file protein.cif (mmCIF, C-alpha atoms)
data_upload
loop_
_atom_site.label_atom_id
_atom_site.label_comp_id
_atom_site.auth_asym_id
_atom_site.auth_seq_id
_atom_site.Cartn_x
_atom_site.Cartn_y
_atom_site.Cartn_z
CA MET A 23 41.76 -62.68 -6.07
CA ARG A 24 39.43 -64.53 -3.81
CA THR A 25 40.34 -62.21 -1.04
CA LEU A 26 39.43 -59.18 -3.09
CA LEU A 27 35.96 -60.53 -3.85
CA LEU A 28 35.18 -61.10 -0.20
CA ILE A 29 36.16 -57.55 0.60
CA LEU A 30 33.84 -56.19 -2.10
CA MET A 31 30.87 -58.27 -0.92
CA GLY A 32 31.38 -57.07 2.59
CA LEU A 33 31.23 -53.46 1.46
CA LEU A 34 27.94 -54.12 -0.34
CA LEU A 35 26.41 -55.53 2.81
CA LEU A 36 27.12 -52.44 4.87
CA PRO A 37 23.96 -50.72 6.27
CA GLY A 38 22.30 -48.23 3.88
CA CYS A 39 23.83 -49.62 0.72
CA TYR A 40 21.74 -51.35 -1.93
CA PRO A 41 22.41 -52.22 -5.46
CA GLY A 42 21.68 -49.55 -7.98
CA THR A 43 22.05 -46.68 -5.53
CA VAL A 44 24.94 -44.49 -4.85
CA GLY A 45 24.84 -43.25 -1.23
CA LEU A 46 20.97 -43.18 -1.01
CA ASP A 47 18.96 -45.64 1.04
CA PRO A 48 15.46 -46.15 -0.44
CA ARG A 49 14.05 -46.79 3.06
CA ARG A 50 15.25 -43.40 4.16
CA ASP A 51 13.63 -41.85 1.09
CA ASP A 52 10.23 -43.34 2.12
CA ASP A 53 10.58 -42.15 5.71
CA ASP A 54 11.32 -38.62 4.61
CA ASP A 55 8.35 -38.50 2.24
CA ASP A 56 5.65 -40.28 4.18
CA ASP A 57 6.41 -40.74 7.82
CA ASP A 58 8.00 -37.55 8.98
CA ALA A 59 5.91 -36.54 11.95
CA THR A 60 6.53 -32.91 11.19
CA ASP A 61 4.58 -33.32 7.93
CA ASP A 62 1.48 -35.23 8.94
CA ASP A 63 1.40 -35.83 12.64
CA ASP A 64 2.73 -32.68 14.14
CA THR A 65 0.21 -31.94 16.86
CA THR A 66 0.70 -28.27 16.31
CA ASP A 67 -0.92 -28.69 12.90
CA ASP A 68 -3.80 -31.07 13.51
CA ASP A 69 -4.25 -31.80 17.13
CA ASP A 70 -3.25 -28.63 18.88
CA ALA A 71 -5.83 -28.21 21.60
CA THR A 72 -5.89 -24.49 21.00
CA ASP A 73 -7.37 -25.18 17.53
CA ASP A 74 -10.09 -27.71 18.14
CA ASP A 75 -10.26 -28.83 21.74
CA ASP A 76 -9.53 -25.77 23.78
CA ALA A 77 -12.14 -25.79 26.55
CA THR A 78 -12.33 -22.02 26.41
CA ASP A 79 -13.92 -22.33 22.96
CA ASP A 80 -16.52 -25.01 23.44
CA ASP A 81 -16.79 -26.11 27.01
CA ASP A 82 -16.07 -23.03 29.09
CA ALA A 83 -18.64 -23.10 31.88
CA THR A 84 -18.99 -19.33 31.67
CA ASP A 85 -20.67 -19.77 28.27
CA ASP A 86 -23.24 -22.50 28.85
CA ASP A 87 -23.23 -23.84 32.35
CA ASP A 88 -22.55 -20.91 34.67
CA ASP A 89 -25.25 -21.03 37.41
CA THR A 90 -25.32 -17.26 37.64
CA ASP A 91 -26.88 -17.07 34.17
CA ASP A 92 -29.71 -19.58 34.45
CA ASP A 93 -30.32 -20.79 37.96
CA ASP A 94 -29.33 -18.09 40.43
CA VAL A 95 -32.18 -15.49 39.95
CA ALA A 96 -35.44 -15.88 41.96
CA ASP A 97 -38.79 -15.81 40.13
CA PRO A 98 -40.54 -12.42 40.44
CA PHE A 99 -43.65 -12.09 42.62
CA GLU A 100 -46.89 -12.72 40.71
CA ILE A 101 -50.52 -13.04 41.90
CA ASP A 102 -52.21 -16.24 40.75
CA ASP A 103 -55.63 -15.92 42.35
CA LEU A 104 -57.78 -14.43 45.13
CA ASP A 105 -59.77 -16.67 47.44
CA PRO A 106 -62.47 -15.41 47.57
CA ASP A 107 -62.42 -12.97 44.65
CA ASN A 108 -65.60 -11.19 45.76
CA GLY A 109 -67.25 -10.13 49.00
CA SER A 110 -69.57 -7.69 50.74
CA THR A 111 -68.83 -3.98 50.95
CA ASP A 112 -69.07 -4.47 54.71
CA GLY A 113 -65.53 -5.89 54.55
CA GLY A 114 -63.95 -7.62 57.54
CA PHE A 115 -63.55 -11.05 55.92
CA THR A 116 -60.32 -12.94 55.15
CA VAL A 117 -58.87 -13.07 51.63
CA ASN A 118 -56.01 -15.34 50.57
CA ILE A 119 -53.85 -13.79 47.87
CA GLU A 120 -52.29 -16.83 46.20
CA TYR A 121 -49.00 -16.18 44.42
CA THR A 122 -45.92 -17.66 42.78
CA GLY A 123 -42.39 -16.31 42.91
CA GLU A 124 -40.77 -14.68 45.89
CA VAL A 125 -42.30 -12.21 48.33
CA GLY A 126 -38.83 -11.41 49.58
CA THR A 127 -39.88 -10.97 53.22
CA THR A 128 -41.56 -12.69 56.14
CA ASP A 129 -42.44 -9.41 57.83
CA ASN A 130 -46.11 -8.42 57.42
CA ASP A 131 -45.19 -4.76 57.68
CA ASP A 132 -43.06 -4.99 54.54
CA VAL A 133 -46.03 -5.93 52.36
CA GLU A 134 -48.75 -3.43 51.40
CA VAL A 135 -52.14 -4.54 50.06
CA ARG A 136 -54.86 -2.17 48.87
CA PHE A 137 -58.41 -2.82 47.74
CA GLY A 138 -58.93 0.20 45.53
CA THR A 139 -57.61 2.99 47.73
CA ALA A 140 -58.38 1.27 51.06
CA GLU A 141 -55.50 -0.49 52.79
CA ALA A 142 -56.02 -4.08 53.92
CA GLU A 143 -54.51 -5.54 57.09
CA VAL A 144 -51.86 -8.18 56.33
CA LEU A 145 -52.38 -11.10 58.72
CA ALA A 146 -49.78 -13.60 57.52
CA ILE A 147 -47.32 -14.47 54.74
CA THR A 148 -47.03 -18.16 53.84
CA GLY A 149 -45.08 -19.93 51.15
CA ASP A 150 -47.84 -19.52 48.60
CA ALA A 151 -50.33 -16.96 49.97
CA ILE A 152 -50.62 -13.57 51.62
CA VAL A 153 -53.53 -13.56 54.07
CA VAL A 154 -55.32 -10.22 54.56
CA THR A 155 -58.50 -8.78 56.03
CA ALA A 156 -60.55 -7.05 53.34
CA PRO A 157 -61.37 -3.42 54.16
CA PRO A 158 -64.93 -2.07 53.75
CA GLY A 159 -65.86 -1.06 50.22
CA CYS A 160 -67.26 2.42 49.74
CA ALA A 161 -69.14 1.36 46.60
CA TYR A 162 -70.06 -1.98 45.15
CA GLY A 163 -68.44 -3.10 41.90
CA GLU A 164 -64.98 -3.99 40.69
CA VAL A 165 -61.85 -2.65 42.35
CA GLU A 166 -58.18 -3.34 41.80
CA VAL A 167 -56.27 -5.20 44.50
CA THR A 168 -52.67 -3.98 44.48
CA VAL A 169 -49.91 -5.89 46.28
CA GLU A 170 -46.46 -4.37 46.82
CA THR A 171 -43.68 -6.64 48.14
CA PRO A 172 -39.87 -6.57 48.20
CA GLY A 173 -40.03 -9.39 45.64
CA GLY A 174 -42.15 -7.40 43.19
CA ASP A 175 -45.58 -5.83 42.69
CA ASP A 176 -48.72 -7.11 41.02
CA GLU A 177 -52.44 -6.39 40.81
CA VAL A 178 -55.66 -8.29 40.24
CA ASP A 179 -59.40 -7.51 40.16
CA PHE A 180 -61.80 -8.00 43.10
CA GLU A 181 -65.59 -7.61 43.08
CA TYR A 182 -67.38 -5.87 45.95
CA ASP A 183 -70.96 -7.10 46.31
CA PRO A 184 -73.81 -4.92 47.65
CA ALA A 185 -73.95 -5.30 51.39
CA GLY A 186 -77.74 -5.28 51.59
CA ALA A 187 -79.76 -3.02 53.84
CA GLY A 188 -77.65 -1.31 56.45
CA LEU A 189 -76.90 1.99 58.06
CA ASP A 190 -75.97 3.50 54.73
CA GLY A 191 -79.52 3.08 53.48
CA ALA A 192 -80.58 5.81 55.83
CA VAL A 193 -83.07 8.59 55.30
CA PHE A 194 -81.68 12.06 54.94
CA GLY A 195 -83.97 14.96 55.78
CA VAL A 196 -83.95 18.69 55.25
CA TYR A 197 -86.54 20.54 57.30
CA ARG A 198 -87.21 24.24 57.03
CA TYR A 199 -89.50 26.14 59.37
CA GLY A 200 -90.91 29.61 59.01
CA VAL A 201 -93.88 31.85 59.75
CA PRO A 202 -96.60 31.35 57.10
CA SER A 203 -97.38 35.03 56.67
CA ASP A 204 -93.72 35.88 56.08
CA THR A 205 -93.73 35.85 52.30
CA SER A 206 -90.25 37.35 52.16
CA LEU A 207 -88.88 34.08 53.55
CA ASP A 208 -86.00 35.87 55.17
CA ASN A 209 -85.81 33.83 58.35
CA GLY A 210 -86.19 30.31 59.57
CA SER A 211 -84.00 27.34 60.36
CA VAL A 212 -82.81 24.14 58.79
CA GLU A 213 -82.46 20.79 60.50
CA LEU A 214 -80.51 17.99 58.83
CA GLY A 215 -80.25 14.38 59.83
CA PHE A 216 -79.23 10.88 58.80
CA PHE A 217 -81.89 8.63 60.25
CA GLU A 218 -81.71 4.95 60.94
CA PRO A 219 -82.55 2.92 57.83
CA GLU A 220 -86.17 2.14 57.09
CA ASP A 221 -88.26 0.89 54.20
CA SER A 222 -89.81 4.32 53.80
CA PRO A 223 -89.15 7.90 54.89
CA PRO A 224 -89.81 8.86 58.51
CA LEU A 225 -93.37 10.00 57.88
CA THR A 226 -95.16 7.11 59.51
CA HIS A 227 -97.22 9.54 61.58
CA LEU A 228 -99.19 10.51 58.48
CA PRO A 229 -102.61 9.03 57.70
CA PRO A 230 -103.37 7.66 54.23
CA LEU A 231 -103.37 10.22 51.44
CA GLY A 232 -106.65 12.16 51.27
CA SER A 233 -107.71 11.45 54.85
CA CYS A 234 -107.46 12.83 58.39
CA SER A 235 -106.77 11.06 61.66
CA PRO A 236 -107.16 12.47 65.18
CA ASN A 237 -104.64 12.14 67.94
CA ILE A 238 -101.99 10.45 65.85
CA VAL A 239 -98.74 10.13 67.71
CA PRO A 240 -96.22 12.48 66.15
CA PRO A 241 -92.91 11.08 64.91
CA ASP A 242 -90.39 10.16 67.55
CA ASN A 243 -87.94 13.02 67.82
CA ASN A 244 -85.55 10.78 69.73
CA ARG A 245 -85.19 8.13 67.06
CA ASN A 246 -81.72 6.94 66.28
CA TYR A 247 -79.70 8.95 63.83
CA TYR A 248 -76.89 7.59 61.74
CA SER A 249 -73.73 9.36 62.83
CA VAL A 250 -71.26 10.35 60.13
CA GLY A 251 -68.89 12.26 62.36
CA PRO A 252 -69.04 15.63 64.06
CA SER A 253 -70.39 17.50 61.04
CA LEU A 254 -71.41 17.26 57.43
CA THR A 255 -71.97 19.73 54.63
CA LEU A 256 -75.09 20.10 52.56
CA THR A 257 -74.86 22.22 49.47
CA ALA A 258 -77.49 23.71 47.20
CA GLY A 259 -75.38 26.40 45.64
CA VAL A 260 -74.14 27.47 49.06
CA PRO A 261 -72.77 25.18 51.77
CA ILE A 262 -74.69 24.63 54.97
CA VAL A 263 -72.67 22.95 57.67
CA ALA A 264 -74.68 20.79 60.04
CA THR A 265 -73.09 19.93 63.37
CA LEU A 266 -73.84 16.83 65.39
CA ASP A 267 -75.38 17.46 68.79
CA PRO A 268 -74.09 14.58 70.98
CA ALA A 269 -76.90 15.05 73.49
CA THR A 270 -79.65 14.41 70.95
CA THR A 271 -77.54 12.64 68.26
CA THR A 272 -79.04 14.96 65.66
CA TYR A 273 -77.51 17.30 63.12
CA THR A 274 -78.74 20.86 63.18
CA ALA A 275 -77.84 23.98 61.28
CA ALA A 276 -79.41 27.33 62.05
CA THR A 277 -79.28 29.64 59.10
CA THR A 278 -81.36 32.21 57.30
CA VAL A 279 -83.79 30.87 54.78
CA SER A 280 -82.26 33.15 52.18
CA ALA A 281 -79.18 30.96 52.37
CA VAL A 282 -81.30 27.89 51.64
CA PRO A 283 -82.65 28.07 48.08
CA ASN A 284 -86.41 27.62 47.84
CA SER A 285 -86.17 25.05 45.08
CA ALA A 286 -82.90 23.24 44.55
CA SER A 287 -81.16 19.89 44.55
CA TYR A 288 -79.13 19.26 47.64
CA THR A 289 -75.89 17.29 47.73
CA ILE A 290 -74.12 15.82 50.74
CA TYR A 291 -70.36 16.06 50.81
CA ASN A 292 -67.42 16.50 53.19
CA ALA A 293 -68.84 13.84 55.48
CA VAL A 294 -67.22 10.53 56.42
CA ASP A 295 -69.02 7.47 57.73
CA PRO A 296 -67.66 5.19 60.48
CA ASP A 297 -65.87 3.00 57.91
CA GLY A 298 -63.96 5.95 56.53
CA CYS A 299 -65.93 6.16 53.28
CA ALA A 300 -66.68 9.65 52.04
CA ILE A 301 -70.36 10.54 51.64
CA THR A 302 -70.92 12.39 48.41
CA ALA A 303 -74.54 11.56 47.64
CA GLU A 304 -75.63 13.54 44.61
CA ALA A 305 -78.98 15.36 44.76
CA VAL A 306 -80.07 13.26 47.70
CA VAL A 307 -82.72 15.89 48.50
CA SER A 308 -84.68 17.99 46.04
CA ALA A 309 -86.72 20.88 47.39
CA PRO A 310 -90.19 21.74 46.06
CA PRO A 311 -91.14 25.41 45.58
CA ALA A 312 -91.29 27.44 48.78
CA LEU A 313 -94.58 27.11 50.61
CA THR A 314 -96.79 30.22 50.68
CA VAL A 315 -100.04 29.79 52.65
CA THR A 316 -103.00 32.02 51.72
CA SER A 317 -105.72 30.59 54.03
CA PRO A 318 -106.25 30.65 56.91
CA LEU A 319 -104.63 33.98 57.50
CA ILE A 320 -102.48 32.71 60.26
CA THR A 321 -99.74 34.74 61.82
CA SER A 322 -97.02 34.36 64.37
CA THR A 323 -99.27 36.07 66.95
CA GLN A 324 -102.52 34.79 68.41
CA ILE A 325 -104.63 36.72 65.91
CA ALA A 326 -106.05 34.17 63.56
CA ASP A 327 -108.90 33.11 61.30
CA CYS A 328 -111.82 31.17 62.70
CA TRP A 329 -113.16 27.77 61.64
CA ALA A 330 -116.72 26.78 62.51
CA MET A 331 -117.37 23.11 63.30
CA GLU A 332 -121.07 23.59 62.57
CA LEU A 333 -120.46 24.46 58.94
CA GLY A 334 -117.58 22.11 58.47
CA TYR A 335 -115.60 25.13 57.49
CA GLY A 336 -111.91 24.47 57.62
CA VAL A 337 -110.13 25.35 54.40
CA THR A 338 -106.38 25.41 54.03
CA GLU A 339 -105.03 26.95 50.84
CA TRP A 340 -101.56 27.60 49.47
CA VAL A 341 -100.14 28.63 46.14
CA GLY A 342 -98.19 26.74 43.49
CA PRO A 343 -96.43 25.89 41.33
CA TYR A 344 -97.44 22.31 41.93
CA ASP A 345 -95.82 19.02 41.20
CA SER A 346 -97.42 15.58 41.18
CA GLY A 347 -94.55 14.33 43.32
CA ASP A 348 -95.17 16.83 46.13
CA PHE A 349 -97.57 16.48 49.06
CA VAL A 350 -98.77 18.37 52.13
CA PHE A 351 -99.82 17.49 55.62
CA ILE A 352 -101.66 19.76 58.03
CA THR A 353 -101.68 19.31 61.79
CA VAL A 354 -104.14 21.22 63.99
CA ALA A 355 -103.63 20.90 67.75
CA ASN A 356 -105.42 22.50 70.72
CA ALA A 357 -103.02 25.01 72.23
CA THR A 358 -104.02 23.96 75.76
CA SER A 359 -104.83 20.24 75.76
CA GLY A 360 -102.73 19.19 72.80
CA VAL A 361 -105.59 17.19 71.22
CA SER A 362 -104.75 17.15 67.53
CA MET A 363 -105.73 16.02 64.08
CA THR A 364 -103.48 15.47 61.07
CA CYS A 365 -104.61 15.44 57.46
CA HIS A 366 -102.63 14.28 54.45
CA GLY A 367 -103.21 15.57 50.93
CA GLN A 368 -101.83 16.01 47.44
CA ASP A 369 -99.99 19.24 46.69
CA ASN A 370 -102.75 20.79 44.59
CA GLY A 371 -103.42 24.08 46.41
CA SER A 372 -106.13 23.32 48.97
CA PHE A 373 -107.43 20.91 51.59
CA LEU A 374 -110.90 20.97 53.22
CA PHE A 375 -111.41 19.82 56.81
CA THR A 376 -114.83 18.13 56.97
CA GLN A 377 -117.33 18.61 59.79
CA ALA A 378 -116.69 15.04 60.92
CA GLY A 379 -113.07 15.92 61.18
CA LEU A 380 -113.50 19.24 62.94
CA ILE A 381 -115.79 17.91 65.67
CA GLN A 382 -112.90 15.71 66.78
CA LEU A 383 -111.24 18.90 67.95
CA GLU A 384 -111.94 20.97 71.04
CA ALA A 385 -113.16 24.54 70.70
CA GLY A 386 -110.54 27.16 71.26
CA LEU A 387 -107.18 28.35 70.04
CA HIS A 388 -105.18 25.88 67.99
CA THR A 389 -101.72 25.82 66.52
CA ILE A 390 -101.62 24.88 62.88
CA SER A 391 -98.70 23.60 60.84
CA ILE A 392 -98.81 23.25 57.09
CA THR A 393 -95.98 21.31 55.50
CA ARG A 394 -95.21 20.88 51.83
CA TYR A 395 -92.85 17.95 51.38
CA ARG A 396 -91.08 15.97 48.70
CA VAL A 397 -89.50 12.55 48.89
CA THR A 398 -86.66 11.66 46.56
CA GLU A 399 -84.96 8.34 46.04
CA THR A 400 -81.40 7.59 45.05
CA GLU A 401 -79.38 4.39 45.00
CA ASN A 402 -76.97 3.86 47.81
CA PRO A 403 -73.55 3.18 46.24
CA ARG A 404 -72.57 1.09 49.24
CA ASP A 405 -75.29 -1.52 49.36
CA GLY A 406 -77.53 -0.91 46.36
CA SER A 407 -80.52 -0.08 48.55
CA THR A 408 -82.72 2.97 48.15
CA MET A 409 -81.76 6.12 50.01
CA HIS A 410 -84.75 8.34 50.77
CA GLY A 411 -84.33 12.08 50.89
CA VAL A 412 -87.08 14.12 52.54
CA TYR A 413 -87.51 17.86 52.17
CA ALA A 414 -90.14 19.50 54.36
CA ASP A 415 -91.02 23.20 54.28
CA THR A 416 -93.29 24.06 57.18
CA LYS A 417 -95.25 27.18 58.10
CA THR A 418 -96.82 27.51 61.54
CA GLY A 419 -99.37 29.80 63.14
CA PHE A 420 -102.74 29.87 64.92
CA VAL A 421 -106.42 29.27 64.13
CA PHE A 422 -109.59 29.44 66.28
CA VAL A 423 -111.97 26.47 66.13
CA MET A 424 -115.53 27.22 67.35
CA GLN A 425 -118.76 25.24 67.65
CA THR A 426 -120.91 27.61 65.59
CA ASN A 427 -120.38 30.22 62.95
CA SER A 428 -121.79 32.87 65.28
CA GLU A 429 -118.86 32.36 67.57
CA CYS A 430 -116.62 32.98 64.63
CA GLY A 431 -118.44 36.21 63.82
CA PHE A 432 -120.26 35.21 60.64
#
call {"tool": "encode", "arguments": {"input": "protein.cif", "output": "structure tokens"}}
result
Amino acid sequence: MRTLLLILMGLLLLPGCYPGTVGLDPRRDDDDDDDDATDDDDTTDDDDATDDDDATDDDDATDDDDDTDDDDVADPFEIDDLDPDNGSTDGGFTVNIEYTGEVGTTDNDDVEVRFGTAEAEVLAITGDAIVVTAPPGCAYGEVEVTVETPGGDDEVDFEYDPAGAGLDGAVFGVYRYGVPSDTSLDNGSVELGFFEPEDSPPLTHLPPLGSCSPNIVPPDNNRNYYSVGPSLTLTAGVPIVATLDPATTTYTAATTVSAVPNSASYTIYNAVDPDGCAITAEAVVSAPPALTVTSPLITSTQIADCWAMELGYGVTEWVGPYDSGDFVFITVANATSGVSMTCHGQDNGSFLFTQAGLIQLEAGLHTISITRYRVTETENPRDGSTMHGVYADTKTGFVFVMQTNSECGF
């Protein structure tokens, strides 16, 4: 009996057997319910890197940190400032074009800089500036500086300042010559010229208005002219081409007077100055009405009226219409000795030589020139100065000057 009990107790103590259970170990029940890794801890359910931690989802460098997206592209070229940002229309000074970004070259020839339409010479390219020589400006005021580089293009404003008095402030003259008695005005010549700049038109040989002066030195025909190339064109409805004569440095154009309107505004165009700027001065010269002289009855031959010193008889008359801005000057010179007298008057139809004036002359045959002229003013677009335009219409002939009226036949 005792032996049987020991056997039974041994069976109860075998692993996995507890009282009250038949073939089921409670510890195994708990492991199956709570601790099975396939239920709660299977990494394929909770910790699979493809679900939460896959670097391709959150940390892939191609999404956030790839240098080719944020850090590999150079900044485009951009102008920050000009130093200086203004200068004379004379040009020739250095300008630093300060920039940020990349020029994309170190070769000066690969960069193009223009001030308006004029190209500037590129002197150097540094890390933060393009150094150029400013070209001359054809007109004062604001222009656009354009810079083209392999790294990009940009533009900025630049101010050209008036250069001040210079060659471009020259006097332009139109001079027409004809025979006074030729009322048909079908012949003559025109002389054109850009003179050296002055404060007033080249009429310094004239005495004060309303007076006469003997033996005044005539204007210097060899004065310096301002060259604008081999030729220029003057237009007043029809073009008149004036060609430069290198020997005298003057522009001349022989043409019939019929091709030169008697009263018109003249414009210069198709000319280029030494800096390459086109000359297109509008209405730089305005012509007064054609001059028609009625007294003395002078002709192109040596058959002429007679003035008597004794009577102070020396009347010059011409016809209108008249303008308060027009004037005349009359020069009487001895045909042999050259002794002369010039008188200056308003364009009102007549001028009287006084006895005091006539006795300054020698008796005999004289040449007489009567000139109606007009001076116009226009602003020079280059330097802001005043450009003077002079139009002179001259008639020439002869007159006898005698001591007494008896010698003149009256």
call {"tool": "residues_around", "arguments": {"input": "protein.cif", "residues": "range 382-390 of chain A", "least_positions_apart": "4", "cutoff": "8 Å", "atoms": "all atoms listed in the file", "output": "PyMOL selection string"}}
result
chain A and resi 236+352-358+361-363+378+418-425
call {"tool": "resolve_selection", "arguments": {"input": "protein.cif", "expression": "the PyMOL selection byres ((chain A and resi 103) around 10)", "output": "list in words"}}
result
Glu100, Ile101, Asp102, Leu104, Asp105, Pro106, Asp107, Asn118, Ile119, Glu120, Tyr121, Thr122, Ala151, Val178 and Asp179 of chain A
call {"tool": "resolve_selection", "arguments": {"input": "protein.cif", "expression": "the PyMOL selection byres ((chain A and resi 341) around 9)", "output": "list in words"}}
result
Leu313, Thr314, Val315, Thr316, Glu339, Trp340, Gly342, Pro343, Tyr344, Asn370, Gly371 and Ser372 of chain A
call {"tool": "atom_distance", "arguments": {"input": "protein.cif", "atom1": "CA of Cys430 in chain A", "atom2": "CA of Gly360 in chain A"}}
result
21.2 Å
call {"tool": "resolve_selection", "arguments": {"input": "protein.cif", "expression": "the PyMOL selection byres ((chain A and resi 337) around 8)", "output": "PyMOL selection string"}}
result
chain A and resi 317-318+335-336+338-339+372-375
call {"tool": "residues_around", "arguments": {"input": "protein.cif", "residues": "Val153 in chain A", "least_positions_apart": "5", "cutoff": "7 Å", "atoms": "only C-alpha atoms", "output": "list in words"}}
result
Thr116, Val117, Asn118, Ile119, Val144, Leu145, Ala146 and Ile147 of chain A
call {"tool": "closest_residue", "arguments": {"input": "protein.cif", "among": "A:Thr400, A:Ile152, A:Leu333, A:Asp131", "to": "Thr289 in chain A", "atoms": "only C-alpha atoms"}}
result
A:Thr400
call {"tool": "atom_distance", "arguments": {"input": "protein.cif", "atom1": "CA of Ser253 in chain A", "atom2": "CA of Thr302 in chain A"}}
result
13.6 Å
call {"tool": "atom_distance", "arguments": {"input": "protein.cif", "atom1": "CA of Gly109 in chain A", "atom2": "CA of Gly138 in chain A"}}
result
13.7 Å
call {"tool": "closest_residue", "arguments": {"input": "protein.cif", "among": "A:Glu304, A:Glu181, A:Asp175, A:Asp345", "to": "Gly126 in chain A", "atoms": "all atoms listed in the file"}}
result
A:Asp175
call {"tool": "closest_residue", "arguments": {"input": "protein.cif", "among": "A:Thr128, A:Thr376, A:Asn427, A:Ser391", "to": "Ser235 in chain A", "atoms": "only C-alpha atoms"}}
result
A:Thr376
call {"tool": "residues_around", "arguments": {"input": "protein.cif", "residues": "Glu177 in chain A", "least_positions_apart": "5", "cutoff": "8 Å", "atoms": "all atoms listed in the file", "output": "VMD selection string"}}
result
chain A and resid 101 166 to 169
call {"tool": "residues_near_point", "arguments": {"input": "protein.cif", "point": "(-68.5, -0.1, 46.1)", "cutoff": "12 Å", "atoms": "all atoms listed in the file", "output": "VMD selection string"}}
result
chain A and resid 108 to 113 137 to 140 157 to 166 180 to 186 190 299 to 300 401 to 406
call {"tool": "write_last_selection", "arguments": {"input": "protein.cif", "atoms": "C-alpha atoms", "output": "compact mmCIF listing (two decimals), in the coordinates of the input"}}
result
# COMPACT_ATOMS: atom_id res chain seq x y z
CA ASN A 108 -65.60 -11.19 45.76
CA GLY A 109 -67.25 -10.13 49.00
CA SER A 110 -69.57 -7.69 50.74
CA THR A 111 -68.83 -3.98 50.95
CA ASP A 112 -69.07 -4.47 54.71
CA GLY A 113 -65.53 -5.89 54.55
CA PHE A 137 -58.41 -2.82 47.74
CA GLY A 138 -58.93 0.20 45.53
CA THR A 139 -57.61 2.99 47.73
CA ALA A 140 -58.38 1.27 51.06
CA PRO A 157 -61.37 -3.42 54.16
CA PRO A 158 -64.93 -2.07 53.75
CA GLY A 159 -65.86 -1.06 50.22
CA CYS A 160 -67.26 2.42 49.74
CA ALA A 161 -69.14 1.36 46.60
CA TYR A 162 -70.06 -1.98 45.15
CA GLY A 163 -68.44 -3.10 41.90
CA GLU A 164 -64.98 -3.99 40.69
CA VAL A 165 -61.85 -2.65 42.35
CA GLU A 166 -58.18 -3.34 41.80
CA PHE A 180 -61.80 -8.00 43.10
CA GLU A 181 -65.59 -7.61 43.08
CA TYR A 182 -67.38 -5.87 45.95
CA ASP A 183 -70.96 -7.10 46.31
CA PRO A 184 -73.81 -4.92 47.65
CA ALA A 185 -73.95 -5.30 51.39
CA GLY A 186 -77.74 -5.28 51.59
CA ASP A 190 -75.97 3.50 54.73
CA CYS A 299 -65.93 6.16 53.28
CA ALA A 300 -66.68 9.65 52.04
CA GLU A 401 -79.38 4.39 45.00
CA ASN A 402 -76.97 3.86 47.81
CA PRO A 403 -73.55 3.18 46.24
CA ARG A 404 -72.57 1.09 49.24
CA ASP A 405 -75.29 -1.52 49.36
CA GLY A 406 -77.53 -0.91 46.36
call {"tool": "residues_around", "arguments": {"input": "protein.cif", "residues": "Gly173 in chain A", "least_positions_apart": "3", "cutoff": "6 Å", "atoms": "only C-alpha atoms", "output": "PyMOL selection string"}}
result
chain A and resi 99+124-126
call {"tool": "residues_near_point", "arguments": {"input": "protein.cif", "point": "(-74.0, 20.4, 61.2)", "cutoff": "8 Å", "atoms": "all atoms listed in the file", "output": "PyMOL selection string"}}
result
chain A and resi 214+252-255+262-266+273-275
call {"tool": "closest_residue", "arguments": {"input": "protein.cif", "among": "A:Ala326, A:Leu256, A:Gly251, A:Cys234", "to": "Leu380 in chain A", "atoms": "all atoms listed in the file"}}
result
A:Cys234
call {"tool": "residues_around", "arguments": {"input": "protein.cif", "residues": "Arg394 in chain A", "least_positions_apart": "4", "cutoff": "10 Å", "atoms": "all atoms listed in the file", "output": "list in words"}}
result
Ala309, Pro310, Pro311, Ala312, Leu313, Thr314, Trp340, Asp348, Phe349, Val350, Phe351, Ile352, Gly367, Gln368, Asp369, Tyr413, Ala414, Asp415, Thr416 and Lys417 of chain A
call {"tool": "closest_residue", "arguments": {"input": "protein.cif", "among": "A:Ser308, A:Gln324, A:Gln377, A:Asn237", "to": "Phe194 in chain A", "atoms": "only C-alpha atoms"}}
result
A:Ser308
